Every structure is written in structure tokens, then in C-alpha cells.
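Colleague: Please find one structure pasted underneath; my questions will follow.
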Amino acid sequence: MRKKKLPLAYKPLGFLLGWTSGALAGMAFQATWKAIRHEEDAPDALDKDRGWGEVLLAAAVQGAIFAVVRSAVDRTGATAIERSTGVWPSGEKGGRD
């Protein structure tokens with residue numbers, strides 16, 4: 001059986017979804033950090049005045065939020081593409097490279 005080819009239109013949509021998920025994740029992280037630590041800015045890895053625990057906590061929270069938001073946005077986009085074209089927008093592996 002021959003597999004249907006992914007529509008070319010998904011490439012720019014995938015780029016837009018990636019950008020959108022990054023922006024949403026950034027906003028969600030800022031709101032979460034403010035709720036956790038009551039600070040406007042999360043520590044940066046090179047911030048000399050912050051301790052290891054604080055820097056690693058910020059990185060872990062940011063990574064978790066980014067992964068969840070990106071997966072939710074990707075899944076929503078893939079579902080929309082499948083509904084409109086009948087083709088699931090992934091390669092043979094079934095996910096991101």
C-alpha cells in the first residue's frame with residue numbers, strides 16, 4: 001500500500017506552530033516563576049548572585065513547561081492537518097527527528 005505524501009503546506013504551518021509554542025511556553029514560564037518565587041525574572045545560569053539550586057530549579061521548570069506546551073501545540077496542529085487533509089503529518093518514525 002502506498003503511503004500518502006504530507007502536504008507541502010505543513011512546512012510553514014509547522015514553523016508557525018513551533019514559534020507559537022515557544023512564545024506560549026515563555027509566557028507560561030514567566031507566570032509560573034512569578035507564582036513560585038514571587039520574582040519577575042528567573043535566574044540565568046551565569047547569574048553569579050544566584051545559587052545552584054535556584055538556577056537548576058528554574059531550568060527544570062522551564063524545560064518541563066516548554067516540552068508540555070510544544071507537545072500540546074504540535075498535537076493540535078497535527079490533528080488539524082489530519083482532519084483537513086486525511087494525512088498525519090509525521091514521517092515513518094511517527095515523531096520529531
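We name chains A, B, ... following the order of the C-alpha cells; residues begin at 1 in each chain, and ligands are numbered from 1 as shown.
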Please provide the set of residues having any atom within 9 Å of region 67-78 of chain A, restricted to only C-alpha atoms, with same-chain residues fewer than 3 positions apart removed, written as JSON, numbers by chain.

Modeller: {"A": [10, 13, 14, 17, 18, 20, 21, 22, 24, 25, 28, 62, 63, 64, 81, 82, 83, 87, 88, 89, 90]}

Colleague: Got a sec to tell me which of chain A DSSP assigns to alpha helix (DSSP H), as a PyMOL selection string?

Modeller: chain A and resi 10-37+52-85

Colleague: In Å to one decimal, how far is CA of Val61 (chain A) from CA of Leu16 (chain A)?

Modeller: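 Atom-to-atom, CA of Leu16 (chain A) to CA of Val61 (chain A), that is 23.9 Å.
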